[in-house]
$ cat input-v8.txt   # compact mmCIF, C-alpha atoms and all ligand atoms
# COMPACT_ATOMS: atom_id res chain seq x y z
CA MET I 1 115.21 103.27 65.16
CA ALA I 2 117.18 106.12 66.67
CA LYS I 3 119.99 105.06 68.91
CA GLU I 4 120.48 106.63 72.30
CA LYS I 5 122.67 109.68 71.89
CA LYS I 6 123.47 110.69 75.42
CA ASP I 7 124.92 108.02 77.59
CA VAL I 8 125.68 109.57 80.90
CA GLU I 9 127.56 107.46 83.36
CA VAL I 10 127.27 108.55 86.94
CA SER I 11 128.09 106.64 90.06
CA ILE I 12 125.40 105.86 92.56
CA ASP I 13 125.92 106.24 96.31
CA LYS I 14 126.86 102.80 97.46
CA GLY I 15 125.14 102.54 100.79
CA ALA I 16 125.42 99.53 103.06
CA ASP I 17 122.53 97.83 101.32
CA SER I 18 123.59 98.31 97.70
CA GLY I 19 124.05 95.30 95.48
CA SER I 20 127.52 93.95 94.89
CA ALA I 21 128.96 93.16 91.48
CA SER I 22 127.79 89.59 91.56
CA ASN I 23 124.41 90.51 92.88
CA VAL I 24 122.73 92.97 90.51
CA THR I 25 119.35 94.13 91.66
CA LEU I 26 116.92 94.12 88.79
CA GLY I 27 114.50 96.91 88.10
CA LYS I 28 114.59 100.15 86.10
CA GLY I 29 113.51 103.74 86.66
CA LEU I 30 111.83 105.84 83.99
CA ASP I 31 110.99 109.55 83.95
CA ILE I 32 108.28 110.35 81.42
CA GLY I 33 108.47 114.09 80.87
CA THR I 34 107.00 116.53 78.37
CA ALA I 35 110.50 117.59 77.35
CA ASN I 36 112.63 114.52 78.10
CA PHE I 37 112.42 110.78 78.67
CA VAL I 38 115.08 109.62 81.14
CA SER I 39 115.93 106.07 82.21
CA ALA I 40 118.06 104.93 85.16
CA VAL I 41 119.48 101.43 85.50
CA GLN I 42 121.99 99.83 87.81
CA ASP I 43 124.55 97.93 85.77
CA ASN I 44 126.34 94.79 86.89
CA THR I 45 129.11 96.71 88.66
CA GLY I 46 126.56 98.54 90.75
CA ASP I 47 127.00 101.81 88.83
CA LEU I 48 124.11 103.89 87.66
CA THR I 49 123.56 104.41 83.95
CA VAL I 50 121.29 107.27 82.96
CA LYS I 51 120.04 107.75 79.41
CA MET I 52 118.14 110.75 78.12
CA GLN I 53 116.19 111.37 74.95
CA ARG I 54 114.20 114.45 73.91
CA ASN I 55 110.50 113.64 73.77
CA ALA I 56 110.14 114.94 70.24
CA PHE I 57 110.10 113.81 66.64
CA ILE I 58 110.00 115.12 63.13
CA ASP I 59 108.56 113.62 59.95
CA VAL I 60 110.20 114.13 56.59
CA ASN I 61 109.19 113.06 53.08
CA ALA I 62 110.22 109.54 52.19
CA ASP I 63 112.00 110.51 48.93
CA ASP I 64 115.43 109.35 47.76
CA PHE I 65 117.04 112.72 48.29
CA THR I 66 116.04 112.92 51.94
CA ARG I 67 116.82 109.26 52.52
CA ASN I 68 120.35 109.77 51.20
CA MET I 69 120.80 112.84 53.32
CA LEU I 70 119.75 111.02 56.49
CA THR I 71 122.10 108.18 55.67
CA LYS I 72 124.96 110.63 55.09
CA LEU I 73 124.22 112.38 58.38
CA ASN I 74 124.07 108.95 60.01
CA VAL I 75 120.62 109.70 61.38
CA GLN I 76 118.42 106.68 62.05
CA TYR I 77 114.78 106.77 61.04
CA VAL I 78 111.68 104.63 60.91
CA VAL I 79 109.03 104.65 58.22
CA LEU I 80 105.54 105.23 59.48
CA SER I 81 102.62 105.57 57.06
CA ASP I 82 104.72 106.82 54.10
CA LYS I 83 106.77 109.26 56.14
CA MET I 84 110.25 108.93 57.52
CA ILE I 85 110.27 109.67 61.19
CA VAL I 86 113.28 110.73 63.22
CA ILE I 87 112.85 110.63 66.98
CA GLY I 88 114.61 112.06 70.01
CA ASP I 89 117.69 114.30 69.97
CA PRO I 90 118.44 113.96 66.22
CA ALA I 91 114.95 115.34 65.51
CA PHE I 92 116.13 118.64 66.98
CA GLU I 93 119.16 118.81 64.74
CA LEU I 94 117.01 118.04 61.70
CA ALA I 95 114.45 120.64 62.70
CA ASN I 96 117.21 123.24 62.51
CA ILE I 97 118.37 122.00 59.11
CA PHE I 98 114.83 122.09 57.71
CA ASN I 99 113.95 125.25 59.63
CA ARG I 100 110.91 123.57 61.14
CA GLU I 101 109.60 122.94 64.64
CA THR I 102 109.77 119.42 66.07
CA ARG I 103 106.50 117.68 66.91
CA ARG I 104 105.87 116.85 70.54
CA PRO I 105 103.99 113.73 71.68
CA MET I 106 103.17 115.31 75.05
CA ARG I 107 101.89 118.66 76.25
CA ASP I 108 101.66 120.05 79.77
CA GLY I 109 102.81 116.77 81.28
CA LEU I 110 100.35 114.46 79.55
CA ILE I 111 99.85 112.75 76.18
CA SER I 112 98.96 115.50 73.73
CA PRO I 113 95.38 115.33 72.45
CA LYS I 114 96.60 117.22 69.36
CA GLU I 115 99.20 114.66 68.27
CA ALA I 116 97.67 111.66 66.52
CA ASP I 117 101.04 109.92 66.04
CA ALA I 118 102.04 110.26 69.71
CA LEU I 119 101.68 106.61 70.75
CA PRO I 120 103.87 104.78 68.20
CA ILE I 121 106.50 107.50 68.60
CA MET I 122 106.60 107.18 72.36
CA LYS I 123 106.85 103.41 72.06
CA LEU I 124 109.99 103.87 69.94
CA LEU I 125 111.42 106.38 72.41
CA LEU I 126 110.80 103.97 75.28
CA GLU I 127 112.51 101.15 73.39
CA SER I 128 115.48 103.36 72.68
CA ILE I 129 116.14 104.39 76.28
CA LEU I 130 114.93 101.32 78.21
CA GLY I 131 116.11 98.51 75.98
CA ASP I 132 114.73 95.03 76.55
CA PRO I 133 113.90 93.72 80.02
CA ARG I 134 116.85 91.72 81.41
CA VAL I 135 114.46 89.08 82.73
CA PRO I 136 110.88 88.51 81.62
CA ARG I 137 108.62 91.13 83.21
CA GLU I 138 111.41 93.06 84.88
CA THR I 139 109.91 95.79 87.02
CA VAL I 140 110.01 99.36 85.77
CA TYR I 141 108.75 102.26 87.83
CA PHE I 142 107.62 105.21 85.70
CA SER I 143 106.72 108.71 86.79
CA VAL I 144 103.19 110.08 86.49
CA PRO I 145 101.94 113.59 87.29
CA GLY I 146 100.00 114.30 90.42
CA GLU I 147 96.38 115.37 90.00
CA PRO I 148 96.48 118.66 88.07
CA ILE I 149 95.00 121.54 90.07
CA ASP I 150 94.61 124.01 87.24
CA SER I 151 93.45 122.01 84.25
CA ASP I 152 90.90 119.33 83.55
CA MET I 153 93.51 117.04 82.02
CA ASN I 154 93.06 113.41 82.78
CA VAL I 155 95.93 111.52 84.37
CA ILE I 156 94.06 108.16 84.35
CA TYR I 157 94.21 107.84 80.56
CA HIS I 158 97.88 108.85 80.46
CA LYS I 159 98.78 106.32 83.15
CA GLY I 160 96.83 103.56 81.42
CA ILE I 161 98.54 104.19 78.07
CA PHE I 162 102.03 103.93 79.57
CA HIS I 163 101.12 100.79 81.52
CA GLY I 164 100.05 99.34 78.17
CA LEU I 165 103.14 100.46 76.20
CA LEU I 166 105.55 99.18 78.84
CA SER I 167 103.73 95.86 79.17
CA LYS I 168 103.99 95.46 75.39
CA LEU I 169 107.75 95.92 75.74
CA GLY I 170 107.78 93.05 78.25
CA TYR I 171 107.97 94.98 81.50
CA ASN I 172 106.04 94.79 84.72
CA ALA I 173 105.12 98.49 84.86
CA LYS I 174 104.36 100.37 88.05
CA ASP I 175 103.60 104.05 88.33
CA MET I 176 104.93 106.49 90.84
CA LEU I 177 104.10 110.15 91.47
CA GLU I 178 106.79 112.37 89.96
CA GLY I 179 107.15 114.53 93.08
CA HIS I 180 107.40 111.38 95.19
CA ALA I 181 110.24 110.16 92.96
CA VAL I 182 112.16 113.37 93.79
CA ILE I 183 111.75 112.54 97.50
CA PHE I 184 113.05 109.00 96.91
CA SER I 185 116.06 110.29 95.03
CA GLU I 186 117.00 113.30 97.16
CA LEU I 187 115.73 112.91 100.71
CA ALA I 188 117.01 109.50 101.81
CA GLU I 189 119.16 111.10 104.52
CA GLU I 190 116.13 112.98 105.82
CA ASP I 191 114.18 109.78 106.30
CA PHE I 192 112.20 110.59 103.14
CA SER I 193 110.44 113.48 104.89
CA GLY I 194 110.21 116.86 103.20
CA ILE I 195 109.00 118.52 100.04
CA GLY I 196 110.06 117.45 96.55
CA ILE I 197 109.29 119.63 93.54
CA SER I 198 109.99 118.53 89.99
CA CYS I 199 110.25 121.71 87.90
CA GLY I 200 109.75 120.47 84.37
CA GLY I 201 108.96 121.93 80.98
CA GLY I 202 105.28 121.09 80.91
CA MET I 203 104.42 121.20 84.58
CA PHE I 204 105.59 121.42 88.16
CA ASN I 205 104.99 118.36 90.34
CA VAL I 206 104.86 118.75 94.08
CA CYS I 207 104.96 116.14 96.83
CA VAL I 208 104.94 116.62 100.57
CA SER I 209 106.15 113.40 102.16
CA TYR I 210 106.35 112.20 105.72
CA LYS I 211 108.59 109.17 106.24
CA THR I 212 108.17 107.92 102.64
CA ILE I 213 104.38 108.41 102.65
CA PRO I 214 103.08 111.10 100.28
CA ALA I 215 100.75 113.30 102.34
CA LEU I 216 100.03 115.78 99.58
CA ALA I 217 100.76 115.56 95.86
CA PHE I 218 99.58 117.66 92.95
CA SER I 219 100.73 119.14 89.67
CA THR I 220 100.31 122.50 88.02
CA SER I 221 100.34 122.99 84.27
CA ARG I 222 102.90 125.78 84.52
CA GLY I 223 106.55 125.04 83.91
CA GLY I 224 109.38 126.04 81.59
CA ASP I 225 107.08 126.10 78.54
CA TRP I 226 104.80 128.52 80.37
CA ILE I 227 107.73 130.86 81.03
CA ASP I 228 108.77 130.63 77.35
CA GLY I 229 105.25 131.24 76.02
CA ASN I 230 104.70 134.31 78.16
CA THR I 231 108.16 135.75 77.60
CA ALA I 232 107.74 135.34 73.84
CA ALA I 233 104.32 136.99 73.92
CA VAL I 234 105.38 140.10 75.85
CA LEU I 235 108.59 140.58 73.88
CA GLY I 236 107.07 139.75 70.49
CA ILE I 237 109.66 137.06 69.75
CA LYS I 238 109.48 133.39 68.75
CA ILE I 239 109.03 130.85 71.53
CA SER I 240 112.26 129.07 70.56
CA LYS I 241 114.11 132.37 70.99
CA ALA I 242 112.62 132.78 74.47
CA THR I 243 113.71 129.24 75.34
CA ALA I 244 117.25 130.03 74.19
CA ILE I 245 117.43 133.19 76.34
CA LYS I 246 116.39 131.14 79.34
CA GLU I 247 118.68 128.16 78.74
CA LYS I 248 121.89 129.89 77.69
CA GLY I 249 123.13 130.68 81.16
CA ILE I 250 120.82 133.34 82.58
CA ASP I 251 121.43 134.55 86.15
CA LEU I 252 118.01 135.13 87.66
CA THR I 253 119.46 137.41 90.32
CA ASN I 254 121.24 139.65 87.82
CA PRO I 255 119.32 140.45 84.60
CA LYS I 256 121.46 141.89 81.81
CA ASN I 257 118.76 143.20 79.52
CA ARG I 258 115.03 143.62 78.96
CA GLU I 259 114.66 140.04 77.68
CA GLU I 260 116.21 138.52 80.79
CA GLU I 261 114.09 140.79 82.96
CA ALA I 262 110.96 139.35 81.33
CA VAL I 263 112.14 135.77 81.96
CA ILE I 264 112.75 136.61 85.62
CA ILE I 265 109.29 138.13 86.09
CA TYR I 266 107.74 134.85 84.98
CA TYR I 267 110.15 132.70 87.00
CA ARG I 268 109.29 134.62 90.14
CA ASN I 269 105.57 134.39 89.44
CA LEU I 270 105.82 130.66 88.77
CA ILE I 271 107.57 130.02 92.08
CA GLU I 272 105.06 132.19 93.93
CA TYR I 273 102.23 130.28 92.30
CA THR I 274 103.76 126.94 93.31
CA LEU I 275 104.43 127.91 96.92
CA THR I 276 101.05 129.55 97.53
CA ASN I 277 99.38 126.45 96.12
CA ILE I 278 101.31 124.17 98.48
CA LYS I 279 100.39 126.47 101.34
CA SER I 280 96.66 126.60 100.60
CA ARG I 281 96.41 122.87 99.85
CA PHE I 282 98.29 121.99 102.99
CA GLU I 283 96.07 124.23 105.11
CA SER I 284 92.80 123.11 103.58
CA SER I 285 93.43 119.35 103.41
CA GLU I 286 92.66 117.04 106.26
CA GLY I 287 95.12 114.61 107.81
CA MET I 288 98.26 116.60 107.00
CA PRO I 289 101.23 115.44 109.08
CA SER I 290 102.74 117.81 111.63
CA PHE I 291 106.46 117.55 111.07
CA PRO I 292 108.29 117.36 114.41
CA GLU I 293 111.38 118.97 112.85
CA ALA I 294 112.05 121.42 110.05
CA VAL I 295 112.35 119.73 106.64
CA ASP I 296 114.03 120.51 103.32
CA ILE I 297 112.55 121.60 100.02
CA VAL I 298 114.38 120.01 97.07
CA CYS I 299 113.84 121.19 93.51
CA SER I 300 114.75 119.11 90.47
CA GLY I 301 114.00 119.32 86.75
CA GLY I 302 115.34 121.43 83.90
CA THR I 303 113.53 124.58 84.99
CA ALA I 304 115.41 124.51 88.32
CA MET I 305 118.73 124.66 86.42
CA ALA I 306 118.68 128.40 85.75
CA GLY I 307 121.37 130.29 87.66
CA GLY I 308 120.05 131.88 90.84
CA PHE I 309 116.96 129.65 90.93
CA VAL I 310 117.43 128.71 94.59
CA GLU I 311 118.08 132.35 95.57
CA ILE I 312 114.88 133.54 93.90
CA PHE I 313 113.00 130.61 95.41
CA GLN I 314 114.31 131.55 98.87
CA ASP I 315 113.37 135.18 98.32
CA VAL I 316 109.80 134.31 97.35
CA PHE I 317 109.59 131.81 100.21
CA ASP I 318 110.61 134.51 102.71
CA SER I 319 107.68 136.65 101.60
CA ILE I 320 105.13 133.91 102.32
CA LYS I 321 103.94 132.66 105.66
CA PHE I 322 104.61 129.01 104.87
CA PRO I 323 102.77 126.46 107.04
CA ILE I 324 105.68 124.03 107.42
CA ALA I 325 109.02 124.78 109.10
CA ILE I 326 111.73 124.62 106.42
CA LYS I 327 115.41 124.01 107.08
CA ASN I 328 117.01 124.23 103.64
CA ILE I 329 115.91 125.02 100.14
CA ARG I 330 118.18 123.31 97.64
CA ARG I 331 118.49 122.04 94.11
CA SER I 332 119.17 118.39 93.40
CA GLU I 333 122.70 117.73 92.24
CA GLU I 334 121.63 116.44 88.87
CA PRO I 335 118.30 118.11 88.20
CA LEU I 336 117.57 116.19 85.01
CA HIS I 337 118.22 112.76 86.56
CA ALA I 338 116.43 113.00 89.90
CA VAL I 339 113.03 111.63 88.87
CA ALA I 340 114.45 108.64 86.98
CA LYS I 341 116.79 107.93 89.90
CA GLY I 342 113.90 108.07 92.39
CA CYS I 343 111.92 105.63 90.24
CA LEU I 344 114.96 103.34 90.18
CA VAL I 345 115.26 103.51 93.98
CA ALA I 346 111.60 102.42 94.19
CA ALA I 347 112.22 99.56 91.74
CA LEU I 348 115.37 98.37 93.56
CA SER I 349 113.71 98.43 96.95
CA GLU I 350 111.00 95.97 95.89
N1 LIG N 1 119.92 125.57 81.83
C1 LIG N 1 118.61 125.73 81.88
N2 LIG N 1 118.06 126.82 82.47
C2 LIG N 1 116.73 126.97 82.53
N3 LIG N 1 115.84 126.11 82.01
C3 LIG N 1 116.33 125.01 81.41
C4 LIG N 1 117.71 124.76 81.30
N4 LIG N 1 117.88 123.57 80.65
C5 LIG N 1 116.65 123.12 80.37
N5 LIG N 1 115.71 123.99 80.80
C6 LIG N 1 114.26 123.86 80.69
O1 LIG N 1 113.84 122.71 81.40
C7 LIG N 1 112.65 122.20 80.82
C8 LIG N 1 112.80 120.72 80.60
O2 LIG N 1 113.09 120.11 81.83
P1 LIG N 1 112.66 118.61 82.16
O3 LIG N 1 112.81 118.44 83.61
O4 LIG N 1 113.39 117.68 81.27
O5 LIG N 1 111.12 118.69 81.73
P2 LIG N 1 109.98 117.58 81.65
O6 LIG N 1 109.91 116.96 83.01
O7 LIG N 1 108.75 118.37 81.31
O8 LIG N 1 110.37 116.61 80.59
C9 LIG N 1 112.42 122.98 79.53
O9 LIG N 1 111.42 123.96 79.77
C10 LIG N 1 113.77 123.63 79.29
O10 LIG N 1 113.65 124.86 78.59
MG MG N 2 110.04 115.84 84.57
$ encode --input "input-v8.txt" --output "structure tokens"
Amino acid sequence: MAKEKKDVEVSIDKGADSGSASNVTLGKGLDIGTANFVSAVQDNTGDLTVKMQRNAFIDVNADDFTRNMLTKLNVQYVVLSDKMIVIGDPAFELANIFNRETRRPMRDGLISPKEADALPIMKLLLESILGDPRVPRETVYFSVPGEPIDSDMNVIYHKGIFHGLLSKLGYNAKDMLEGHAVIFSELAEEDFSGIGISCGGGMFNVCVSYKTIPALAFSTSRGGDWIDGNTAAVLGIKISKATAIKEKGIDLTNPKNREEEAVIIYYRNLIEYTLTNIKSRFESSEGMPSFPEAVDIVCSGGTAMAGGFVEIFQDVFDSIKFPIAIKNIRRSEEPLHAVAKGCLVAALSE
């Protein structure tokens, strides 16, 4: 089994109610994303440990030559129906060596209907980032997408599968809306009121929350992958090339060439699409809270990491008559950790 590659140690805000060294609060947080799986755990000194693993794998022929090569490269693998399977981050490195694409267990935020091997692979990925429960049936909160507004994808099946996988690993699994997790992680000081948006690879997840209660939550099947797919199509380049242009330090407010201009057109459109959807849902749904004070919008997720993201977001926001008074638009400090951290906060507060 592949070992966790990235061990990121970050310290958690130690509020008045945080556990002391001798009093570890059990419970884990888990972000199940199309691009990445992320876990968050409080260790016995009260610090937060975050682990990340790409939600991808690659299968290679189980011959002696390849086996020797993997051993030399120190890459761990499992054998699954006559193939050697490498999961997570090392799958990406191998894909480059073999000049192949990795396989992806999920698509657009949910288990991929096109990937027959998705379930055993995701079980391995979960084992590698969560480890064993520290007590029997330790609680783990995992993120699930809000109801998709632009596809007929079924969240119920997805949710059920992860409940099953996590139970098999010995956990007491509870699901939590991904946008709601962003609120839990980022809006504690605002009394958990405001708008959380998780800007992922496969989808965007939105949650409007009033004092911890989600008033409106939905997902759209447009995210980083959508930007990549469209950019690649209009420029006539490979999708992986488009991804690289986007990830290698683009400044969305200052395009340097035609390629970057294309990325920005889709970024802007994606933000417009997200904001107009929040607006129309908020206006057409019943029982929406009226916020007594202006609230914040917080964006997390890999797609929010591009330089100038908040500026472009603000610019698009200014062109829309938004139904809720907004104080600040900001990006979470650690965009890739926010959802897992929010799930952990939910688990610790049980
Ligand atoms: N520095 C960056 N700038 C822009 N996009 C990025 C950057 N780093 C990662 N991404 C994009 O973020 C997405 C993955 O983010 P993540 O939040 O992990 O997604 P998911 O929730 O779908 O697993 C991918 O589309 C990836 O290309
Ligand atoms: Mg995500």
$ residues_near_point --input "input-v8.txt" --point "(102.4, 113.4, 67.6)" --cutoff "10 Å" --atoms "all atoms listed in the file" --output "list in words"
Ala56, Phe57, Ile58, Asp59, Thr102, Arg103, Arg104, Pro105, Met106, Ile111, Ser112, Pro113, Lys114, Glu115, Ala116, Asp117, Ala118, Leu119, Pro120, Ile121 and Met122 of chain I
$ closest_residue --input "input-v8.txt" --among "I:Ile320, I:Val339, I:Leu110, I:Ile97" --to "ligand MG 2 (chain N)" --atoms "only C-alpha atoms and all ligand atoms"
I:Val339
$ closest_residue --input "input-v8.txt" --among "I:Glu272, I:Glu190, I:Glu138, I:Glu147" --to "I:Leu177" --atoms "all atoms listed in the file"
I:Glu147
$ residues_near_ligand --input "input-v8.txt" --ligand "ligand MG 2 (chain N)" --cutoff "6 Å" --atoms "all atoms listed in the file" --output "list in words"
Gly33, Gly200 and Gly301 of chain I
$ atom_distance --input "input-v8.txt" --atom1 "atom P1 of ligand LIG 1 (chain N)" --atom2 "atom CA of I:Phe37"
8.6 Å
$ axis_aligned_box --input "input-v8.txt" --around "stretch 164-181 of chain I" --padding-each-side "3 Å" --output "AutoDock Vina command-line options"
--center_x 105.1 --center_y 103.8 --center_z 85.3 --size_x 16.2 --size_y 27.5 --size_z 25.8
$ closest_atom_pairs --input "input-v8.txt" --of "chain I" --to "ligand LIG 1 (chain N)" --cutoff "6 Å" --atoms "all atoms listed in the file" --output "Markdown table"
| residue | atom | partner | partner_atom | distance |
| --- | --- | --- | --- | --- |
| I:Gly33 | CA | N:LIG1 | O8 | 3.2 |
| I:Thr34 | CA | N:LIG1 | O7 | 3.9 |
| I:Ala35 | CA | N:LIG1 | O8 | 3.4 |
| I:Asn36 | CA | N:LIG1 | O8 | 4.0 |
| I:Cys199 | CA | N:LIG1 | O3 | 6.0 |
| I:Gly200 | CA | N:LIG1 | O5 | 3.5 |
| I:Gly201 | CA | N:LIG1 | O9 | 3.4 |
| I:Gly202 | CA | N:LIG1 | O7 | 4.4 |
| I:Gly224 | CA | N:LIG1 | O9 | 3.4 |
| I:Asp225 | CA | N:LIG1 | O9 | 5.0 |
| I:Thr243 | CA | N:LIG1 | O10 | 5.5 |
| I:Lys246 | CA | N:LIG1 | C2 | 5.3 |
| I:Glu247 | CA | N:LIG1 | C1 | 4.0 |
| I:Gly301 | CA | N:LIG1 | O3 | 3.5 |
| I:Gly302 | CA | N:LIG1 | O1 | 3.2 |
| I:Thr303 | CA | N:LIG1 | O1 | 4.1 |
| I:Met305 | CA | N:LIG1 | N2 | 4.6 |
| I:Ala306 | CA | N:LIG1 | N2 | 3.7 |
| I:Leu336 | CA | N:LIG1 | O3 | 5.4 |
$ atom_distance --input "input-v8.txt" --atom1 "atom CA of I:Asn154" --atom2 "atom CA of I:Ser219"
11.8 Å
$ closest_residue --input "input-v8.txt" --among "I:Ile32, I:Ala232, I:Val263, I:Leu216" --to "I:His163" --atoms "only C-alpha atoms"
I:Ile32
$ closest_residue --input "input-v8.txt" --among "I:Arg222, I:Lys28, I:Arg268, I:Lys72" --to "I:Ser151" --atoms "only C-alpha atoms"
I:Arg222
$ atom_distance --input "input-v8.txt" --atom1 "atom CA of I:Leu166" --atom2 "atom CA of I:Met84"
23.9 Å
$ closest_residue --input "input-v8.txt" --among "I:Ile87, I:Leu187, I:Met69, I:Ile297" --to "I:Ile278" --atoms "all atoms listed in the file"
I:Ile297
$ build_atoms --input "input-v8.txt" --residues "stretch 142-156 of chain I" --atoms "N, CA and C atoms" --output "short mmCIF file (atom, residue, chain, number, x, y, z; two decimals), keeping the file's coordinate frame"
data_model
loop_
_atom_site.label_atom_id
_atom_site.label_comp_id
_atom_site.auth_asym_id
_atom_site.auth_seq_id
_atom_site.Cartn_x
_atom_site.Cartn_y
_atom_site.Cartn_z
N PHE I 142 107.63 104.01 86.54
CA PHE I 142 107.62 105.21 85.70
C PHE I 142 106.86 106.33 86.39
N SER I 143 107.30 107.56 86.09
CA SER I 143 106.72 108.71 86.79
C SER I 143 105.41 109.15 86.14
N VAL I 144 104.45 109.51 86.98
CA VAL I 144 103.19 110.08 86.49
C VAL I 144 102.92 111.38 87.26
N PRO I 145 102.23 112.32 86.60
CA PRO I 145 101.94 113.59 87.29
C PRO I 145 100.94 113.39 88.42
N GLY I 146 101.04 114.24 89.42
CA GLY I 146 100.00 114.30 90.42
C GLY I 146 98.75 114.90 89.82
N GLU I 147 97.65 114.83 90.51
CA GLU I 147 96.38 115.37 90.00
C GLU I 147 96.58 116.86 89.67
N PRO I 148 96.28 117.25 88.43
CA PRO I 148 96.48 118.66 88.07
C PRO I 148 95.46 119.56 88.80
N ILE I 149 95.94 120.68 89.34
CA ILE I 149 95.00 121.54 90.07
C ILE I 149 94.46 122.67 89.20
N ASP I 150 95.04 122.86 88.03
CA ASP I 150 94.61 124.01 87.24
C ASP I 150 94.25 123.65 85.80
N SER I 151 93.95 122.38 85.57
CA SER I 151 93.45 122.01 84.25
C SER I 151 92.56 120.79 84.42
N ASP I 152 91.76 120.50 83.41
CA ASP I 152 90.90 119.33 83.55
C ASP I 152 91.50 118.13 82.83
N MET I 153 92.82 118.15 82.68
CA MET I 153 93.51 117.04 82.02
C MET I 153 93.38 115.77 82.84
N ASN I 154 93.34 114.67 82.12
CA ASN I 154 93.06 113.41 82.78
C ASN I 154 94.30 112.53 82.90
N VAL I 155 94.73 112.31 84.12
CA VAL I 155 95.93 111.52 84.37
C VAL I 155 95.65 110.02 84.19
N ILE I 156 94.40 109.60 84.40
CA ILE I 156 94.06 108.16 84.35
C ILE I 156 94.36 107.57 82.97
#
